[in-house]
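This is query-v3.cif (mmCIF, N, CA and C atoms).
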data_entry
loop_
_atom_site.label_atom_id
_atom_site.label_comp_id
_atom_site.auth_asym_id
_atom_site.auth_seq_id
_atom_site.Cartn_x
_atom_site.Cartn_y
_atom_site.Cartn_z
N MET O 16 116.54 87.98 84.01
CA MET O 16 115.54 88.02 82.95
C MET O 16 114.86 89.39 82.98
N SER O 17 114.71 90.01 81.82
CA SER O 17 114.07 91.31 81.75
C SER O 17 112.55 91.17 81.87
N SER O 18 111.92 92.25 82.31
CA SER O 18 110.46 92.20 82.49
C SER O 18 109.76 92.36 81.14
N LEU O 19 108.54 91.90 81.11
CA LEU O 19 107.72 92.01 79.90
C LEU O 19 106.96 93.33 79.92
N PRO O 20 106.58 93.85 78.75
CA PRO O 20 105.83 95.11 78.72
C PRO O 20 104.57 95.09 79.59
N LEU O 21 103.91 93.95 79.67
CA LEU O 21 102.67 93.87 80.46
C LEU O 21 102.94 93.90 81.96
N ASP O 22 104.20 93.72 82.37
CA ASP O 22 104.55 93.78 83.78
C ASP O 22 104.48 95.20 84.33
N ASP O 23 104.55 96.18 83.45
CA ASP O 23 104.52 97.59 83.86
C ASP O 23 103.11 98.13 83.65
N GLU O 24 102.38 98.32 84.75
CA GLU O 24 100.99 98.78 84.63
C GLU O 24 100.88 100.23 84.17
N ASN O 25 101.99 100.94 84.09
CA ASN O 25 101.98 102.34 83.65
C ASN O 25 102.51 102.52 82.23
N ARG O 26 102.71 101.43 81.54
CA ARG O 26 103.21 101.51 80.17
C ARG O 26 102.04 101.61 79.20
N PRO O 27 102.01 102.66 78.38
CA PRO O 27 100.89 102.85 77.43
C PRO O 27 101.00 101.90 76.24
N LEU O 28 100.19 100.87 76.27
CA LEU O 28 100.28 99.81 75.26
C LEU O 28 99.02 99.63 74.42
N PHE O 29 97.88 99.98 74.97
CA PHE O 29 96.61 99.56 74.38
C PHE O 29 95.91 100.70 73.65
N THR O 30 95.41 100.38 72.44
CA THR O 30 94.70 101.36 71.62
C THR O 30 93.25 101.49 72.08
N VAL O 31 92.58 102.50 71.57
CA VAL O 31 91.15 102.68 71.86
C VAL O 31 90.38 101.43 71.45
N GLY O 32 90.69 100.89 70.29
CA GLY O 32 89.98 99.70 69.81
C GLY O 32 90.18 98.51 70.72
N GLN O 33 91.40 98.32 71.19
CA GLN O 33 91.69 97.19 72.08
C GLN O 33 90.96 97.34 73.42
N VAL O 34 90.99 98.55 73.97
CA VAL O 34 90.32 98.79 75.25
C VAL O 34 88.80 98.65 75.08
N SER O 35 88.30 99.17 73.98
CA SER O 35 86.87 99.06 73.69
C SER O 35 86.45 97.60 73.65
N GLU O 36 87.25 96.79 73.00
CA GLU O 36 86.94 95.36 72.88
C GLU O 36 87.06 94.66 74.23
N MET O 37 88.13 94.95 74.96
CA MET O 37 88.36 94.31 76.26
C MET O 37 87.23 94.56 77.23
N LEU O 38 86.77 95.83 77.28
CA LEU O 38 85.78 96.23 78.27
C LEU O 38 84.36 96.25 77.72
N GLU O 39 84.23 95.91 76.45
CA GLU O 39 82.92 95.94 75.78
C GLU O 39 82.26 97.30 75.92
N LEU O 40 83.02 98.33 75.56
CA LEU O 40 82.55 99.72 75.58
C LEU O 40 82.68 100.31 74.18
N GLN O 41 81.89 101.31 73.91
CA GLN O 41 81.99 102.00 72.63
C GLN O 41 83.26 102.85 72.61
N GLN O 42 83.91 102.89 71.45
CA GLN O 42 85.10 103.73 71.31
C GLN O 42 84.76 105.20 71.56
N ALA O 43 83.57 105.60 71.16
CA ALA O 43 83.15 106.99 71.38
C ALA O 43 83.11 107.32 72.87
N PHE O 44 82.72 106.35 73.70
CA PHE O 44 82.70 106.56 75.15
C PHE O 44 84.11 106.82 75.66
N LEU O 45 85.08 106.05 75.19
CA LEU O 45 86.47 106.24 75.61
C LEU O 45 86.99 107.61 75.19
N ARG O 46 86.65 108.02 73.99
CA ARG O 46 87.07 109.35 73.53
C ARG O 46 86.41 110.45 74.37
N ARG O 47 85.17 110.23 74.73
CA ARG O 47 84.45 111.21 75.56
C ARG O 47 85.09 111.32 76.94
N LEU O 48 85.54 110.20 77.51
CA LEU O 48 86.24 110.25 78.79
C LEU O 48 87.48 111.12 78.69
N ASP O 49 88.18 111.01 77.57
CA ASP O 49 89.37 111.83 77.35
C ASP O 49 88.97 113.30 77.19
N ASP O 50 87.93 113.55 76.39
CA ASP O 50 87.47 114.93 76.17
C ASP O 50 87.07 115.61 77.49
N PHE O 51 86.47 114.85 78.40
CA PHE O 51 86.03 115.40 79.68
C PHE O 51 87.13 115.41 80.73
N GLY O 52 88.31 114.90 80.37
CA GLY O 52 89.42 114.88 81.31
C GLY O 52 89.23 113.88 82.43
N VAL O 53 88.41 112.86 82.20
CA VAL O 53 88.17 111.84 83.21
C VAL O 53 89.30 110.81 83.17
N VAL O 54 89.61 110.29 82.00
CA VAL O 54 90.75 109.41 81.78
C VAL O 54 91.44 109.92 80.52
N SER O 55 92.66 110.40 80.70
CA SER O 55 93.39 110.99 79.57
C SER O 55 94.63 110.16 79.26
N PRO O 56 94.50 109.22 78.33
CA PRO O 56 95.64 108.38 77.99
C PRO O 56 96.72 109.18 77.26
N SER O 57 97.92 108.64 77.24
CA SER O 57 98.99 109.29 76.49
C SER O 57 98.75 109.07 75.00
N ARG O 58 99.58 109.70 74.20
CA ARG O 58 99.44 109.59 72.75
C ARG O 58 100.71 109.00 72.14
N SER O 59 100.50 108.21 71.11
CA SER O 59 101.64 107.66 70.37
C SER O 59 102.21 108.75 69.47
N ALA O 60 103.30 108.44 68.79
CA ALA O 60 103.90 109.40 67.86
C ALA O 60 102.89 109.79 66.77
N GLY O 61 102.00 108.87 66.42
CA GLY O 61 100.97 109.15 65.42
C GLY O 61 99.71 109.76 66.01
N ARG O 62 99.77 110.21 67.27
CA ARG O 62 98.68 110.89 67.99
C ARG O 62 97.52 109.96 68.35
N GLN O 63 97.75 108.65 68.33
CA GLN O 63 96.71 107.71 68.75
C GLN O 63 96.75 107.56 70.27
N ARG O 64 95.58 107.46 70.86
CA ARG O 64 95.51 107.24 72.30
C ARG O 64 96.10 105.88 72.64
N ARG O 65 96.87 105.84 73.73
CA ARG O 65 97.45 104.59 74.22
C ARG O 65 97.17 104.49 75.72
N TYR O 66 96.50 103.43 76.10
CA TYR O 66 96.07 103.24 77.49
C TYR O 66 97.02 102.31 78.24
N THR O 67 97.22 102.60 79.51
CA THR O 67 97.99 101.73 80.39
C THR O 67 97.01 100.77 81.07
N LEU O 68 97.55 99.73 81.69
CA LEU O 68 96.69 98.82 82.46
C LEU O 68 96.00 99.57 83.59
N ARG O 69 96.70 100.51 84.20
CA ARG O 69 96.10 101.30 85.28
C ARG O 69 94.93 102.13 84.75
N GLU O 70 95.10 102.75 83.60
CA GLU O 70 94.01 103.55 83.02
C GLU O 70 92.82 102.67 82.64
N ILE O 71 93.09 101.47 82.17
CA ILE O 71 92.01 100.55 81.83
C ILE O 71 91.20 100.21 83.08
N THR O 72 91.88 100.03 84.20
CA THR O 72 91.19 99.79 85.47
C THR O 72 90.29 100.97 85.83
N VAL O 73 90.80 102.18 85.62
CA VAL O 73 90.01 103.38 85.92
C VAL O 73 88.82 103.47 84.97
N VAL O 74 89.03 103.18 83.71
CA VAL O 74 87.92 103.21 82.73
C VAL O 74 86.83 102.25 83.16
N ARG O 75 87.21 101.07 83.59
CA ARG O 75 86.20 100.08 84.05
C ARG O 75 85.43 100.63 85.25
N TYR O 76 86.14 101.24 86.19
CA TYR O 76 85.52 101.85 87.36
C TYR O 76 84.56 102.97 86.95
N VAL O 77 85.01 103.82 86.04
CA VAL O 77 84.19 104.93 85.55
C VAL O 77 82.94 104.41 84.84
N ALA O 78 83.10 103.38 84.04
CA ALA O 78 81.94 102.80 83.34
C ALA O 78 80.90 102.33 84.35
N GLY O 79 81.35 101.76 85.45
CA GLY O 79 80.41 101.34 86.50
C GLY O 79 79.69 102.52 87.12
N LEU O 80 80.42 103.63 87.33
CA LEU O 80 79.79 104.82 87.89
C LEU O 80 78.77 105.41 86.92
N VAL O 81 79.10 105.38 85.63
CA VAL O 81 78.14 105.86 84.62
C VAL O 81 76.90 104.98 84.64
N ASP O 82 77.09 103.69 84.76
CA ASP O 82 75.95 102.77 84.82
C ASP O 82 75.06 103.06 86.03
N GLU O 83 75.66 103.59 87.09
CA GLU O 83 74.90 103.96 88.29
C GLU O 83 74.22 105.32 88.16
N GLY O 84 74.46 106.01 87.03
CA GLY O 84 73.77 107.27 86.78
C GLY O 84 74.58 108.53 87.00
N MET O 85 75.86 108.41 87.29
CA MET O 85 76.67 109.60 87.52
C MET O 85 77.06 110.25 86.20
N THR O 86 77.18 111.57 86.22
CA THR O 86 77.64 112.30 85.03
C THR O 86 79.16 112.26 84.98
N LEU O 87 79.70 112.54 83.80
CA LEU O 87 81.17 112.55 83.67
C LEU O 87 81.79 113.68 84.49
N THR O 88 81.10 114.79 84.60
CA THR O 88 81.61 115.89 85.42
C THR O 88 81.69 115.46 86.89
N ALA O 89 80.66 114.77 87.36
CA ALA O 89 80.67 114.29 88.74
C ALA O 89 81.74 113.22 88.94
N ILE O 90 81.90 112.36 87.96
CA ILE O 90 82.91 111.30 88.06
C ILE O 90 84.31 111.90 88.10
N ARG O 91 84.54 112.90 87.27
CA ARG O 91 85.86 113.56 87.29
C ARG O 91 86.14 114.11 88.68
N ARG O 92 85.13 114.70 89.31
CA ARG O 92 85.30 115.25 90.67
C ARG O 92 85.54 114.13 91.68
N VAL O 93 84.81 113.03 91.55
CA VAL O 93 85.02 111.88 92.44
C VAL O 93 86.46 111.40 92.33
N LEU O 94 86.97 111.26 91.11
CA LEU O 94 88.34 110.80 90.91
C LEU O 94 89.34 111.77 91.52
N GLN O 95 89.09 113.07 91.37
CA GLN O 95 89.97 114.07 91.97
C GLN O 95 89.97 113.96 93.50
N LEU O 96 88.79 113.79 94.07
CA LEU O 96 88.68 113.68 95.53
C LEU O 96 89.32 112.39 96.04
N GLU O 97 89.16 111.31 95.29
CA GLU O 97 89.81 110.05 95.68
C GLU O 97 91.33 110.20 95.66
N GLN O 98 91.85 110.91 94.67
CA GLN O 98 93.30 111.15 94.60
C GLN O 98 93.74 112.00 95.79
N LEU O 99 92.95 113.01 96.13
CA LEU O 99 93.28 113.85 97.28
C LEU O 99 93.30 113.03 98.57
N VAL O 100 92.34 112.14 98.73
CA VAL O 100 92.29 111.27 99.91
C VAL O 100 93.55 110.41 99.97
N ARG O 101 93.96 109.84 98.83
CA ARG O 101 95.19 109.03 98.81
C ARG O 101 96.40 109.85 99.22
N GLU O 102 96.48 111.08 98.72
CA GLU O 102 97.60 111.95 99.07
C GLU O 102 97.58 112.31 100.56
N LEU O 103 96.39 112.59 101.09
CA LEU O 103 96.29 112.92 102.51
C LEU O 103 96.61 111.71 103.38
N GLU O 104 96.18 110.53 102.96
CA GLU O 104 96.52 109.32 103.71
C GLU O 104 98.03 109.11 103.74
N GLN O 105 98.69 109.36 102.61
CA GLN O 105 100.15 109.22 102.56
C GLN O 105 100.81 110.26 103.47
N HIS O 106 100.27 111.48 103.46
CA HIS O 106 100.81 112.54 104.31
C HIS O 106 100.67 112.17 105.79
N VAL O 107 99.52 111.64 106.16
CA VAL O 107 99.30 111.20 107.55
C VAL O 107 100.30 110.09 107.90
N LYS O 108 100.50 109.16 106.99
CA LYS O 108 101.46 108.07 107.23
C LYS O 108 102.87 108.64 107.42
N ASP O 109 103.25 109.57 106.55
CA ASP O 109 104.57 110.20 106.66
C ASP O 109 104.73 110.93 107.99
N LEU O 110 103.69 111.65 108.39
CA LEU O 110 103.75 112.37 109.67
C LEU O 110 103.85 111.40 110.84
N GLY O 111 103.16 110.28 110.77
CA GLY O 111 103.26 109.26 111.81
C GLY O 111 104.67 108.72 111.92
N GLU O 112 105.30 108.48 110.76
CA GLU O 112 106.68 107.99 110.76
C GLU O 112 107.63 109.04 111.34
N GLN O 113 107.39 110.31 111.01
CA GLN O 113 108.22 111.38 111.57
C GLN O 113 108.03 111.47 113.08
N ARG O 114 106.78 111.35 113.52
CA ARG O 114 106.50 111.37 114.96
C ARG O 114 107.22 110.24 115.66
N ASP O 115 107.13 109.04 115.10
CA ASP O 115 107.78 107.89 115.70
C ASP O 115 109.29 108.10 115.81
N ALA O 116 109.90 108.65 114.76
CA ALA O 116 111.34 108.92 114.78
C ALA O 116 111.68 109.96 115.85
N LEU O 117 110.83 110.98 116.00
CA LEU O 117 111.06 112.00 117.02
C LEU O 117 110.92 111.43 118.43
N VAL O 118 109.99 110.52 118.61
CA VAL O 118 109.82 109.89 119.93
C VAL O 118 111.06 109.08 120.29
N VAL O 119 111.59 108.33 119.31
CA VAL O 119 112.80 107.55 119.55
C VAL O 119 113.96 108.49 119.89
N GLU O 120 114.07 109.57 119.12
CA GLU O 120 115.14 110.54 119.37
C GLU O 120 114.98 111.19 120.75
N ARG O 121 113.75 111.55 121.11
CA ARG O 121 113.49 112.15 122.42
C ARG O 121 113.88 111.19 123.54
N ASP O 122 113.46 109.93 123.39
CA ASP O 122 113.77 108.93 124.42
C ASP O 122 115.27 108.72 124.54
N ASP O 123 115.98 108.71 123.41
CA ASP O 123 117.43 108.56 123.43
C ASP O 123 118.08 109.74 124.14
N LEU O 124 117.64 110.94 123.81
CA LEU O 124 118.19 112.13 124.46
C LEU O 124 117.88 112.14 125.95
N ALA O 125 116.69 111.72 126.32
CA ALA O 125 116.32 111.67 127.74
C ALA O 125 117.20 110.67 128.48
N ALA O 126 117.46 109.52 127.85
CA ALA O 126 118.31 108.51 128.49
C ALA O 126 119.74 109.03 128.63
N ARG O 127 120.23 109.71 127.59
CA ARG O 127 121.59 110.27 127.67
C ARG O 127 121.67 111.35 128.73
N LEU O 128 120.66 112.18 128.82
CA LEU O 128 120.64 113.25 129.83
C LEU O 128 120.58 112.65 131.23
N ALA O 129 119.76 111.63 131.40
CA ALA O 129 119.66 110.96 132.71
C ALA O 129 121.01 110.35 133.09
N ALA O 130 121.70 109.77 132.11
CA ALA O 130 123.01 109.18 132.37
C ALA O 130 124.01 110.25 132.77
N LEU O 131 123.97 111.39 132.07
CA LEU O 131 124.89 112.48 132.40
C LEU O 131 124.57 113.05 133.79
N LEU O 132 123.30 113.21 134.11
CA LEU O 132 122.93 113.74 135.42
C LEU O 132 123.29 112.76 136.53
N GLY O 133 123.15 111.48 136.25
CA GLY O 133 123.50 110.44 137.24
C GLY O 133 124.99 110.44 137.55
N ARG O 134 125.81 110.71 136.56
CA ARG O 134 127.28 110.77 136.76
C ARG O 134 127.65 111.98 137.60
N GLY O 135 126.93 113.06 137.40
CA GLY O 135 127.27 114.30 138.12
C GLY O 135 126.98 114.22 139.58
N GLN O 136 126.12 113.31 140.00
CA GLN O 136 125.74 113.20 141.42
C GLN O 136 126.69 112.30 142.18
N GLU O 137 127.62 111.65 141.53
CA GLU O 137 128.55 110.73 142.21
C GLU O 137 129.61 111.48 142.98
#
Take the structure in the file and write it out as structure tokens.
Amino acid sequence: MSSLPLDDENRPLFTVGQVSEMLELQQAFLRRLDDFGVVSPSRSAGRQRRYTLREITVVRYVAGLVDEGMTLTAIRRVLQLEQLVRELEQHVKDLGEQRDALVVERDDLAARLAALLGRGQE
């Protein structure tokens, strides 16, 4: 069975009007987020903004930050820093996996060397 469009959280399906209605936000606010580069949805062939489920989640998060008194410039920076943290966490995870593989390789080489040295003493 093929997946439904809503199964893909990165598929641009929702218009400004739909997102505005879903989140109970003004359409002008959504356009302002795009203008400030906070949430930049893709565009349809007719140049209409189209939001993904992931972007809608970010818009909801941003709206909460605005309600707490943050400016859009500050929010854009927060989002950039959060993305950087995610990238660094992934890098640390990758390095840990590389370290683990090197430890296994080192242990294997040490065991092989010990076996070779043990044979030479016979």
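With only C-alpha atoms as the atoms that count, the minimum distance from Tyr66 of chain O to the choices O:Leu99, O:Leu45, O:Ala116, O:Ala126 is reached by O:Leu45.
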Original post:
Suppose you want the space between atom CA of Asp22 of chain O and atom CA of Ile71 of chain O; what is it in Å?
Top reply: 14.4 Å
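Considering only C-alpha atoms, the residue among O:Leu80, O:Leu40, O:Val73, O:Leu28 positioned nearest to Arg58 of chain O is O:Leu28.
When all atoms listed in the file are used to compute distances to Arg64 of chain O, the closest of the residues O:Ser35, O:Thr88, O:Gln98, O:Thr30 turns out to be O:Thr30.
Assigned to strand (DSSP E) in chain O, given DSSP computed from backbone atoms, are Ser57, Arg58, Arg64 and Arg65 of chain O.
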Could you write those residues out with N, CA and C atoms, as a PDB file, in the frame of the given file?
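See selection-v9.pdb below for the written result:
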ATOM      1  N   SER O  57      97.920 108.640  77.240  1.00  0.00           N
ATOM      2  CA  SER O  57      98.990 109.290  76.490  1.00  0.00           C
ATOM      3  C   SER O  57      98.750 109.070  75.000  1.00  0.00           C
ATOM      4  N   ARG O  58      99.580 109.700  74.200  1.00  0.00           N
ATOM      5  CA  ARG O  58      99.440 109.590  72.750  1.00  0.00           C
ATOM      6  C   ARG O  58     100.710 109.000  72.140  1.00  0.00           C
ATOM      7  N   ARG O  64      95.580 107.460  70.860  1.00  0.00           N
ATOM      8  CA  ARG O  64      95.510 107.240  72.300  1.00  0.00           C
ATOM      9  C   ARG O  64      96.100 105.880  72.640  1.00  0.00           C
ATOM     10  N   ARG O  65      96.870 105.840  73.730  1.00  0.00           N
ATOM     11  CA  ARG O  65      97.450 104.590  74.220  1.00  0.00           C
ATOM     12  C   ARG O  65      97.170 104.490  75.720  1.00  0.00           C
TER      13      ARG O  65
END
**OP:** Point out the residue among O:Leu128, O:Leu68, O:Glu104, O:Leu96 with the least atom-to-atom distance to Asp23 of chain O, counting only C-alpha atoms.
**Re:** O:Leu68
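One finds atom N of Ser57 of chain O at 7.3 Å from atom N of Pro27 of chain O.
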Original post:
Interatomic distance between atom CA of Leu38 of chain O and atom C of Tyr76 of chain O?
Top reply: 11.1 Å
**OP:** Can you list, as an MDAnalysis selection string, all residues belonging to segment 47-135 of chain O that DSSP tags as helix (DSSP H, G or I)?
**Re:** chainID O and resid 47:50 68:82 87:135
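Considering only N, CA and C atoms, the residue among O:Glu83, O:Glu70, O:Gly32, O:Arg91 positioned nearest to Val53 of chain O is O:Arg91.
Between Leu87 of chain O and the residues O:Gly52, O:Gly61, O:Gly133, O:Gly111, the shortest atom-to-atom distance, using only C-alpha atoms, involves O:Gly52.
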Please write out, as lines of an AutoDock Vina configuration file, where the centre of an axis-aligned box around all listed atoms of segment 45-48 of chain O lies and how long its edges are, in Å to one decimal, after adding 3 Å on each side.
center_x = 86.0
center_y = 108.7
center_z = 76.2
size_x = 9.0
size_y = 11.3
size_z = 11.3
